[in-house]
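Note: the block below is upload_34.cif and it holds mmCIF, N, CA and C atoms, pLDDT in the B column; chains and numbers go by the auth columns.
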data_query
#
loop_
_atom_site.group_PDB
_atom_site.id
_atom_site.type_symbol
_atom_site.label_atom_id
_atom_site.label_comp_id
_atom_site.label_asym_id
_atom_site.label_seq_id
_atom_site.Cartn_x
_atom_site.Cartn_y
_atom_site.Cartn_z
_atom_site.B_iso_or_equiv
_atom_site.auth_seq_id
_atom_site.auth_asym_id
ATOM 1 N N MET A 1 -80.732 -46.600 173.378 48.00 1 A
ATOM 2 C CA MET A 1 -81.684 -45.639 172.841 48.00 1 A
ATOM 3 C C MET A 1 -81.392 -45.431 171.362 48.00 1 A
ATOM 4 N N ASN A 2 -82.400 -45.398 170.561 49.00 2 A
ATOM 5 C CA ASN A 2 -82.267 -45.214 169.127 49.00 2 A
ATOM 6 C C ASN A 2 -82.283 -43.731 168.795 49.00 2 A
ATOM 7 N N ASN A 3 -81.173 -43.199 168.284 49.00 3 A
ATOM 8 C CA ASN A 3 -81.081 -41.780 167.971 49.00 3 A
ATOM 9 C C ASN A 3 -82.030 -41.364 166.859 49.00 3 A
ATOM 10 N N SER A 4 -82.370 -42.249 165.934 45.00 4 A
ATOM 11 C CA SER A 4 -83.279 -41.874 164.857 45.00 4 A
ATOM 12 C C SER A 4 -84.668 -41.533 165.389 45.00 4 A
ATOM 13 N N VAL A 5 -85.070 -42.158 166.508 46.00 5 A
ATOM 14 C CA VAL A 5 -86.349 -41.827 167.115 46.00 5 A
ATOM 15 C C VAL A 5 -86.306 -40.393 167.634 46.00 5 A
ATOM 16 N N ASN A 6 -85.208 -40.005 168.277 50.00 6 A
ATOM 17 C CA ASN A 6 -85.079 -38.646 168.772 50.00 6 A
ATOM 18 C C ASN A 6 -85.092 -37.629 167.643 50.00 6 A
ATOM 19 N N VAL A 7 -84.449 -37.947 166.527 44.00 7 A
ATOM 20 C CA VAL A 7 -84.450 -37.046 165.382 44.00 7 A
ATOM 21 C C VAL A 7 -85.871 -36.855 164.872 44.00 7 A
ATOM 22 N N VAL A 8 -86.623 -37.932 164.768 48.00 8 A
ATOM 23 C CA VAL A 8 -88.013 -37.845 164.317 48.00 8 A
ATOM 24 C C VAL A 8 -88.824 -37.014 165.300 48.00 8 A
ATOM 25 N N ASP A 9 -88.640 -37.218 166.593 82.00 9 A
ATOM 26 C CA ASP A 9 -89.360 -36.439 167.605 82.00 9 A
ATOM 27 C C ASP A 9 -89.098 -34.950 167.412 82.00 9 A
ATOM 28 N N TYR A 10 -87.841 -34.582 167.292 87.00 10 A
ATOM 29 C CA TYR A 10 -87.494 -33.172 167.139 87.00 10 A
ATOM 30 C C TYR A 10 -88.009 -32.611 165.823 87.00 10 A
ATOM 31 N N ALA A 11 -87.998 -33.419 164.783 91.00 11 A
ATOM 32 C CA ALA A 11 -88.505 -32.963 163.491 91.00 11 A
ATOM 33 C C ALA A 11 -90.011 -32.713 163.567 91.00 11 A
ATOM 34 N N VAL A 12 -90.739 -33.594 164.230 93.00 12 A
ATOM 35 C CA VAL A 12 -92.187 -33.430 164.385 93.00 12 A
ATOM 36 C C VAL A 12 -92.482 -32.180 165.198 93.00 12 A
ATOM 37 N N ILE A 13 -91.778 -32.006 166.295 93.00 13 A
ATOM 38 C CA ILE A 13 -91.982 -30.834 167.149 93.00 13 A
ATOM 39 C C ILE A 13 -91.623 -29.564 166.387 93.00 13 A
ATOM 40 N N SER A 14 -90.536 -29.584 165.654 95.00 14 A
ATOM 41 C CA SER A 14 -90.120 -28.424 164.872 95.00 14 A
ATOM 42 C C SER A 14 -91.183 -28.025 163.853 95.00 14 A
ATOM 43 N N ARG A 15 -91.753 -29.006 163.162 96.00 15 A
ATOM 44 C CA ARG A 15 -92.797 -28.708 162.175 96.00 15 A
ATOM 45 C C ARG A 15 -94.055 -28.167 162.856 96.00 15 A
ATOM 46 N N ALA A 16 -94.379 -28.684 164.024 96.00 16 A
ATOM 47 C CA ALA A 16 -95.548 -28.191 164.766 96.00 16 A
ATOM 48 C C ALA A 16 -95.339 -26.738 165.198 96.00 16 A
ATOM 49 N N LEU A 17 -94.141 -26.413 165.668 96.00 17 A
ATOM 50 C CA LEU A 17 -93.858 -25.034 166.072 96.00 17 A
ATOM 51 C C LEU A 17 -93.918 -24.100 164.872 96.00 17 A
ATOM 52 N N ALA A 18 -93.374 -24.530 163.758 97.00 18 A
ATOM 53 C CA ALA A 18 -93.420 -23.711 162.537 97.00 18 A
ATOM 54 C C ALA A 18 -94.872 -23.453 162.134 97.00 18 A
ATOM 55 N N ALA A 19 -95.731 -24.449 162.277 97.00 19 A
ATOM 56 C CA ALA A 19 -97.146 -24.285 161.941 97.00 19 A
ATOM 57 C C ALA A 19 -97.809 -23.268 162.869 97.00 19 A
ATOM 58 N N TRP A 20 -97.458 -23.278 164.153 96.00 20 A
ATOM 59 C CA TRP A 20 -98.014 -22.309 165.101 96.00 20 A
ATOM 60 C C TRP A 20 -97.637 -20.887 164.679 96.00 20 A
ATOM 61 N N PHE A 21 -96.370 -20.685 164.359 97.00 21 A
ATOM 62 C CA PHE A 21 -95.922 -19.350 163.946 97.00 21 A
ATOM 63 C C PHE A 21 -96.585 -18.914 162.643 97.00 21 A
ATOM 64 N N ARG A 22 -96.749 -19.828 161.703 97.00 22 A
ATOM 65 C CA ARG A 22 -97.443 -19.491 160.451 97.00 22 A
ATOM 66 C C ARG A 22 -98.906 -19.144 160.718 97.00 22 A
ATOM 67 N N PHE A 23 -99.557 -19.915 161.557 97.00 23 A
ATOM 68 C CA PHE A 23 -100.970 -19.701 161.854 97.00 23 A
ATOM 69 C C PHE A 23 -101.194 -18.306 162.434 97.00 23 A
ATOM 70 N N TYR A 24 -100.345 -17.911 163.373 95.00 24 A
ATOM 71 C CA TYR A 24 -100.504 -16.605 164.016 95.00 24 A
ATOM 72 C C TYR A 24 -99.743 -15.490 163.307 95.00 24 A
ATOM 73 N N GLU A 25 -99.081 -15.819 162.216 95.00 25 A
ATOM 74 C CA GLU A 25 -98.370 -14.843 161.387 95.00 25 A
ATOM 75 C C GLU A 25 -97.416 -13.974 162.208 95.00 25 A
ATOM 76 N N VAL A 26 -96.600 -14.643 163.022 93.00 26 A
ATOM 77 C CA VAL A 26 -95.586 -13.937 163.803 93.00 26 A
ATOM 78 C C VAL A 26 -94.219 -14.561 163.538 93.00 26 A
ATOM 79 N N ASP A 27 -93.194 -13.751 163.718 94.00 27 A
ATOM 80 C CA ASP A 27 -91.829 -14.239 163.566 94.00 27 A
ATOM 81 C C ASP A 27 -91.407 -14.956 164.843 94.00 27 A
ATOM 82 N N PRO A 28 -90.697 -16.053 164.699 92.00 28 A
ATOM 83 C CA PRO A 28 -90.232 -16.782 165.885 92.00 28 A
ATOM 84 C C PRO A 28 -89.283 -15.929 166.730 92.00 28 A
ATOM 85 N N GLU A 29 -89.479 -15.984 168.015 92.00 29 A
ATOM 86 C CA GLU A 29 -88.576 -15.354 168.975 92.00 29 A
ATOM 87 C C GLU A 29 -88.147 -16.436 169.958 92.00 29 A
ATOM 88 N N GLU A 30 -86.966 -16.267 170.505 92.00 30 A
ATOM 89 C CA GLU A 30 -86.376 -17.315 171.338 92.00 30 A
ATOM 90 C C GLU A 30 -87.275 -17.723 172.499 92.00 30 A
ATOM 91 N N ARG A 31 -87.825 -16.771 173.228 91.00 31 A
ATOM 92 C CA ARG A 31 -88.648 -17.108 174.404 91.00 31 A
ATOM 93 C C ARG A 31 -89.914 -17.855 173.983 91.00 31 A
ATOM 94 N N MET A 32 -90.532 -17.416 172.875 93.00 32 A
ATOM 95 C CA MET A 32 -91.725 -18.118 172.387 93.00 32 A
ATOM 96 C C MET A 32 -91.384 -19.549 171.993 93.00 32 A
ATOM 97 N N LEU A 33 -90.258 -19.715 171.310 93.00 33 A
ATOM 98 C CA LEU A 33 -89.828 -21.053 170.906 93.00 33 A
ATOM 99 C C LEU A 33 -89.623 -21.953 172.114 93.00 33 A
ATOM 100 N N GLU A 34 -89.019 -21.403 173.166 92.00 34 A
ATOM 101 C CA GLU A 34 -88.763 -22.196 174.369 92.00 34 A
ATOM 102 C C GLU A 34 -90.061 -22.677 175.001 92.00 34 A
ATOM 103 N N VAL A 35 -91.022 -21.767 175.139 93.00 35 A
ATOM 104 C CA VAL A 35 -92.291 -22.116 175.780 93.00 35 A
ATOM 105 C C VAL A 35 -93.041 -23.149 174.945 93.00 35 A
ATOM 106 N N LEU A 36 -93.130 -22.899 173.640 94.00 36 A
ATOM 107 C CA LEU A 36 -93.859 -23.819 172.766 94.00 36 A
ATOM 108 C C LEU A 36 -93.169 -25.173 172.665 94.00 36 A
ATOM 109 N N ALA A 37 -91.843 -25.178 172.599 93.00 37 A
ATOM 110 C CA ALA A 37 -91.111 -26.445 172.513 93.00 37 A
ATOM 111 C C ALA A 37 -91.311 -27.262 173.790 93.00 37 A
ATOM 112 N N GLN A 38 -91.308 -26.594 174.927 91.00 38 A
ATOM 113 C CA GLN A 38 -91.547 -27.296 176.193 91.00 38 A
ATOM 114 C C GLN A 38 -92.951 -27.898 176.206 91.00 38 A
ATOM 115 N N ALA A 39 -93.928 -27.107 175.789 93.00 39 A
ATOM 116 C CA ALA A 39 -95.308 -27.608 175.765 93.00 39 A
ATOM 117 C C ALA A 39 -95.441 -28.782 174.796 93.00 39 A
ATOM 118 N N ALA A 40 -94.849 -28.656 173.624 92.00 40 A
ATOM 119 C CA ALA A 40 -94.930 -29.729 172.629 92.00 40 A
ATOM 120 C C ALA A 40 -94.244 -30.992 173.132 92.00 40 A
ATOM 121 N N SER A 41 -93.115 -30.830 173.805 89.00 41 A
ATOM 122 C CA SER A 41 -92.404 -32.009 174.306 89.00 41 A
ATOM 123 C C SER A 41 -93.188 -32.708 175.416 89.00 41 A
ATOM 124 N N GLU A 42 -94.049 -31.980 176.107 88.00 42 A
ATOM 125 C CA GLU A 42 -94.910 -32.597 177.121 88.00 42 A
ATOM 126 C C GLU A 42 -96.138 -33.261 176.500 88.00 42 A
ATOM 127 N N LEU A 43 -96.606 -32.718 175.372 90.00 43 A
ATOM 128 C CA LEU A 43 -97.761 -33.303 174.684 90.00 43 A
ATOM 129 C C LEU A 43 -97.393 -34.556 173.902 90.00 43 A
ATOM 130 N N TYR A 44 -96.184 -34.588 173.361 88.00 44 A
ATOM 131 C CA TYR A 44 -95.764 -35.673 172.472 88.00 44 A
ATOM 132 C C TYR A 44 -95.944 -37.058 173.095 88.00 44 A
ATOM 133 N N PRO A 45 -95.470 -37.291 174.315 85.00 45 A
ATOM 134 C CA PRO A 45 -95.642 -38.634 174.898 85.00 45 A
ATOM 135 C C PRO A 45 -97.108 -38.968 175.189 85.00 45 A
ATOM 136 N N GLY A 46 -97.953 -37.957 175.228 85.00 46 A
ATOM 137 C CA GLY A 46 -99.366 -38.182 175.515 85.00 46 A
ATOM 138 C C GLY A 46 -100.172 -38.588 174.291 85.00 46 A
ATOM 139 N N GLY A 47 -99.496 -38.815 173.175 85.00 47 A
ATOM 140 C CA GLY A 47 -100.194 -39.300 171.995 85.00 47 A
ATOM 141 C C GLY A 47 -100.267 -38.319 170.842 85.00 47 A
ATOM 142 N N TYR A 48 -99.810 -37.103 171.053 89.00 48 A
ATOM 143 C CA TYR A 48 -99.789 -36.122 169.971 89.00 48 A
ATOM 144 C C TYR A 48 -98.508 -36.349 169.184 89.00 48 A
ATOM 145 N N ARG A 49 -98.564 -37.231 168.196 88.00 49 A
ATOM 146 C CA ARG A 49 -97.354 -37.683 167.525 88.00 49 A
ATOM 147 C C ARG A 49 -97.137 -37.075 166.145 88.00 49 A
ATOM 148 N N SER A 50 -98.150 -36.433 165.581 93.00 50 A
ATOM 149 C CA SER A 50 -97.964 -35.852 164.255 93.00 50 A
ATOM 150 C C SER A 50 -97.813 -34.338 164.387 93.00 50 A
ATOM 151 N N PRO A 51 -97.156 -33.706 163.429 95.00 51 A
ATOM 152 C CA PRO A 51 -97.040 -32.242 163.467 95.00 51 A
ATOM 153 C C PRO A 51 -98.416 -31.572 163.512 95.00 51 A
ATOM 154 N N ASP A 52 -99.378 -32.116 162.767 96.00 52 A
ATOM 155 C CA ASP A 52 -100.724 -31.524 162.750 96.00 52 A
ATOM 156 C C ASP A 52 -101.403 -31.625 164.112 96.00 52 A
ATOM 157 N N ASP A 53 -101.300 -32.780 164.755 95.00 53 A
ATOM 158 C CA ASP A 53 -101.902 -32.943 166.082 95.00 53 A
ATOM 159 C C ASP A 53 -101.265 -31.995 167.093 95.00 53 A
ATOM 160 N N LEU A 54 -99.945 -31.938 167.088 95.00 54 A
ATOM 161 C CA LEU A 54 -99.256 -31.048 168.018 95.00 54 A
ATOM 162 C C LEU A 54 -99.595 -29.589 167.732 95.00 54 A
ATOM 163 N N ALA A 55 -99.559 -29.194 166.464 96.00 55 A
ATOM 164 C CA ALA A 55 -99.845 -27.805 166.098 96.00 55 A
ATOM 165 C C ALA A 55 -101.266 -27.426 166.509 96.00 55 A
ATOM 166 N N THR A 56 -102.225 -28.306 166.266 96.00 56 A
ATOM 167 C CA THR A 56 -103.613 -28.021 166.631 96.00 56 A
ATOM 168 C C THR A 56 -103.744 -27.812 168.131 96.00 56 A
ATOM 169 N N SER A 57 -103.094 -28.648 168.904 95.00 57 A
ATOM 170 C CA SER A 57 -103.140 -28.501 170.357 95.00 57 A
ATOM 171 C C SER A 57 -102.466 -27.209 170.810 95.00 57 A
ATOM 172 N N LEU A 58 -101.313 -26.901 170.230 95.00 58 A
ATOM 173 C CA LEU A 58 -100.602 -25.668 170.598 95.00 58 A
ATOM 174 C C LEU A 58 -101.400 -24.432 170.200 95.00 58 A
ATOM 175 N N ILE A 59 -101.990 -24.453 169.009 95.00 59 A
ATOM 176 C CA ILE A 59 -102.774 -23.310 168.538 95.00 59 A
ATOM 177 C C ILE A 59 -103.973 -23.071 169.445 95.00 59 A
ATOM 178 N N GLY A 60 -104.594 -24.141 169.917 94.00 60 A
ATOM 179 C CA GLY A 60 -105.725 -24.000 170.819 94.00 60 A
ATOM 180 C C GLY A 60 -105.344 -23.618 172.234 94.00 60 A
ATOM 181 N N SER A 61 -104.155 -24.025 172.656 93.00 61 A
ATOM 182 C CA SER A 61 -103.714 -23.760 174.027 93.00 61 A
ATOM 183 C C SER A 61 -103.006 -22.424 174.179 93.00 61 A
ATOM 184 N N TYR A 62 -102.279 -22.021 173.170 93.00 62 A
ATOM 185 C CA TYR A 62 -101.513 -20.778 173.198 93.00 62 A
ATOM 186 C C TYR A 62 -102.041 -19.888 172.084 93.00 62 A
ATOM 187 N N VAL A 63 -103.044 -19.080 172.422 93.00 63 A
ATOM 188 C CA VAL A 63 -103.769 -18.293 171.437 93.00 63 A
ATOM 189 C C VAL A 63 -103.034 -16.970 171.192 93.00 63 A
ATOM 190 N N GLY A 64 -102.181 -16.986 170.203 90.00 64 A
ATOM 191 C CA GLY A 64 -101.439 -15.791 169.821 90.00 64 A
ATOM 192 C C GLY A 64 -100.199 -15.581 170.656 90.00 64 A
ATOM 193 N N PRO A 65 -99.328 -14.693 170.176 90.00 65 A
ATOM 194 C CA PRO A 65 -98.051 -14.465 170.861 90.00 65 A
ATOM 195 C C PRO A 65 -98.201 -13.868 172.260 90.00 65 A
ATOM 196 N N TRP A 66 -99.260 -13.107 172.504 87.00 66 A
ATOM 197 C CA TRP A 66 -99.453 -12.506 173.819 87.00 66 A
ATOM 198 C C TRP A 66 -99.672 -13.556 174.897 87.00 66 A
ATOM 199 N N SER A 67 -100.143 -14.735 174.520 89.00 67 A
ATOM 200 C CA SER A 67 -100.350 -15.797 175.508 89.00 67 A
ATOM 201 C C SER A 67 -99.042 -16.392 176.003 89.00 67 A
ATOM 202 N N LEU A 68 -97.939 -16.061 175.330 84.00 68 A
ATOM 203 C CA LEU A 68 -96.635 -16.595 175.712 84.00 68 A
ATOM 204 C C LEU A 68 -95.822 -15.609 176.538 84.00 68 A
ATOM 205 N N MET A 69 -96.366 -14.439 176.768 78.00 69 A
ATOM 206 C CA MET A 69 -95.631 -13.431 177.539 78.00 69 A
ATOM 207 C C MET A 69 -95.652 -13.815 179.008 78.00 69 A
ATOM 208 N N THR A 70 -94.467 -13.917 179.583 67.00 70 A
ATOM 209 C CA THR A 70 -94.366 -14.380 180.967 67.00 70 A
ATOM 210 C C THR A 70 -94.230 -13.245 181.959 67.00 70 A
ATOM 211 N N ASN A 71 -94.105 -12.019 181.492 61.00 71 A
ATOM 212 C CA ASN A 71 -93.927 -10.904 182.433 61.00 71 A
ATOM 213 C C ASN A 71 -95.192 -10.062 182.559 61.00 71 A
ATOM 214 N N ALA A 72 -96.339 -10.607 182.188 51.00 72 A
ATOM 215 C CA ALA A 72 -97.591 -9.890 182.332 51.00 72 A
ATOM 216 C C ALA A 72 -97.918 -9.767 183.811 51.00 72 A
ATOM 217 N N PRO A 73 -98.480 -8.636 184.230 53.00 73 A
ATOM 218 C CA PRO A 73 -98.809 -8.473 185.659 53.00 73 A
ATOM 219 C C PRO A 73 -99.903 -9.433 186.084 53.00 73 A
ATOM 220 N N THR A 74 -99.797 -9.894 187.307 52.00 74 A
ATOM 221 C CA THR A 74 -100.832 -10.762 187.868 52.00 74 A
ATOM 222 C C THR A 74 -101.822 -9.916 188.643 52.00 74 A
ATOM 223 N N SER A 75 -102.950 -10.477 188.964 44.00 75 A
ATOM 224 C CA SER A 75 -103.935 -9.714 189.744 44.00 75 A
ATOM 225 C C SER A 75 -103.378 -9.378 191.122 44.00 75 A
ATOM 226 N N ALA A 76 -102.531 -10.239 191.672 49.00 76 A
ATOM 227 C CA ALA A 76 -101.949 -9.992 192.981 49.00 76 A
ATOM 228 C C ALA A 76 -101.017 -8.785 192.966 49.00 76 A
ATOM 229 N N SER A 77 -100.326 -8.566 191.848 44.00 77 A
ATOM 230 C CA SER A 77 -99.390 -7.439 191.792 44.00 77 A
ATOM 231 C C SER A 77 -100.116 -6.133 191.545 44.00 77 A
ATOM 232 N N VAL A 78 -101.362 -6.186 191.083 47.00 78 A
ATOM 233 C CA VAL A 78 -102.135 -4.969 190.813 47.00 78 A
ATOM 234 C C VAL A 78 -102.754 -4.439 192.093 47.00 78 A
ATOM 235 N N HIS A 79 -103.095 -5.338 193.012 43.00 79 A
ATOM 236 C CA HIS A 79 -103.803 -4.925 194.238 43.00 79 A
ATOM 237 C C HIS A 79 -102.874 -4.500 195.319 43.00 79 A
#

Here is a file; write its structure as structure tokens.
Amino acid sequence: MNNSVNVVDYAVISRALAAWFRFYEVDPEERMLEVLAQAASELYPGGYRSPDDLATSLIGSYVGPWSLMTNAPTSASVH
């Protein structure tokens, strides 16, 4: 395995995550970073290879920081 490829992958993902945070004007938090990094790492092999492509997909899929909250009540817990 070529380590330089992994470095490039992480650099692309890192730039895409930074773009998401800039777009939504929020400070990075650990849980948000984890969710977005996981999503980006799943998109990357599917052809989203540039920071812009990844950021655009993340921005469209995760609309604002509230979309990353995992402890929001479900409809089942309300009823």

Inset, instruction - Would you mind telling me which residue in A:Tyr44, A:Asp27, A:Leu36, A:Asp9 lies nearest to Ile59 (chain A) when using only C-alpha atoms? - result: A:Leu36

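One distance worth recording is that between CA of Ala55 (chain A) and CA of Glu29 (chain A), which is 17.0 Å.
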
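The coordinates place atom N of Tyr24 (chain A) at 7.1 Å from atom N of Gly64 (chain A).
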
Legend entry - Residue nearest Ala37 (chain A) among A:Ser14, A:Ser57, A:Ser50, A:Ser67 (counting all atoms listed in the file): A:Ser14

Inset, instruction - Dump as JSON, numbers by chain all residues having an atom at most 8 Å from (-101.1, -25.2, 165.3), computed in the file's coordinates with all atoms listed in the file. - result: {"A": [16, 17, 18, 19, 20, 21, 22, 23, 24, 51, 52, 53, 54, 55, 56, 57, 58, 59, 60]}

Inset, instruction - Work out how far CA of Ala40 (chain A) is from CA of Trp66 (chain A), in Å to one decimal. - result: 17.8 Å

Inset, instruction - Counting only N, CA and C atoms, figure out which residue out of A:Val63, A:Met69, A:Val26, A:Ile13 gets nearest to Ser41 (chain A). - result: A:Ile13

Once 5 Å is added on each side, what centre and edge lengths in Å to one decimal does the axis-aligned box around all listed atoms of region 45-56 of chain A have, as JSON?
{"center_x": -99.6, "center_y": -33.4, "center_z": 169.1, "size_x": 18.3, "size_y": 21.9, "size_z": 22.8}
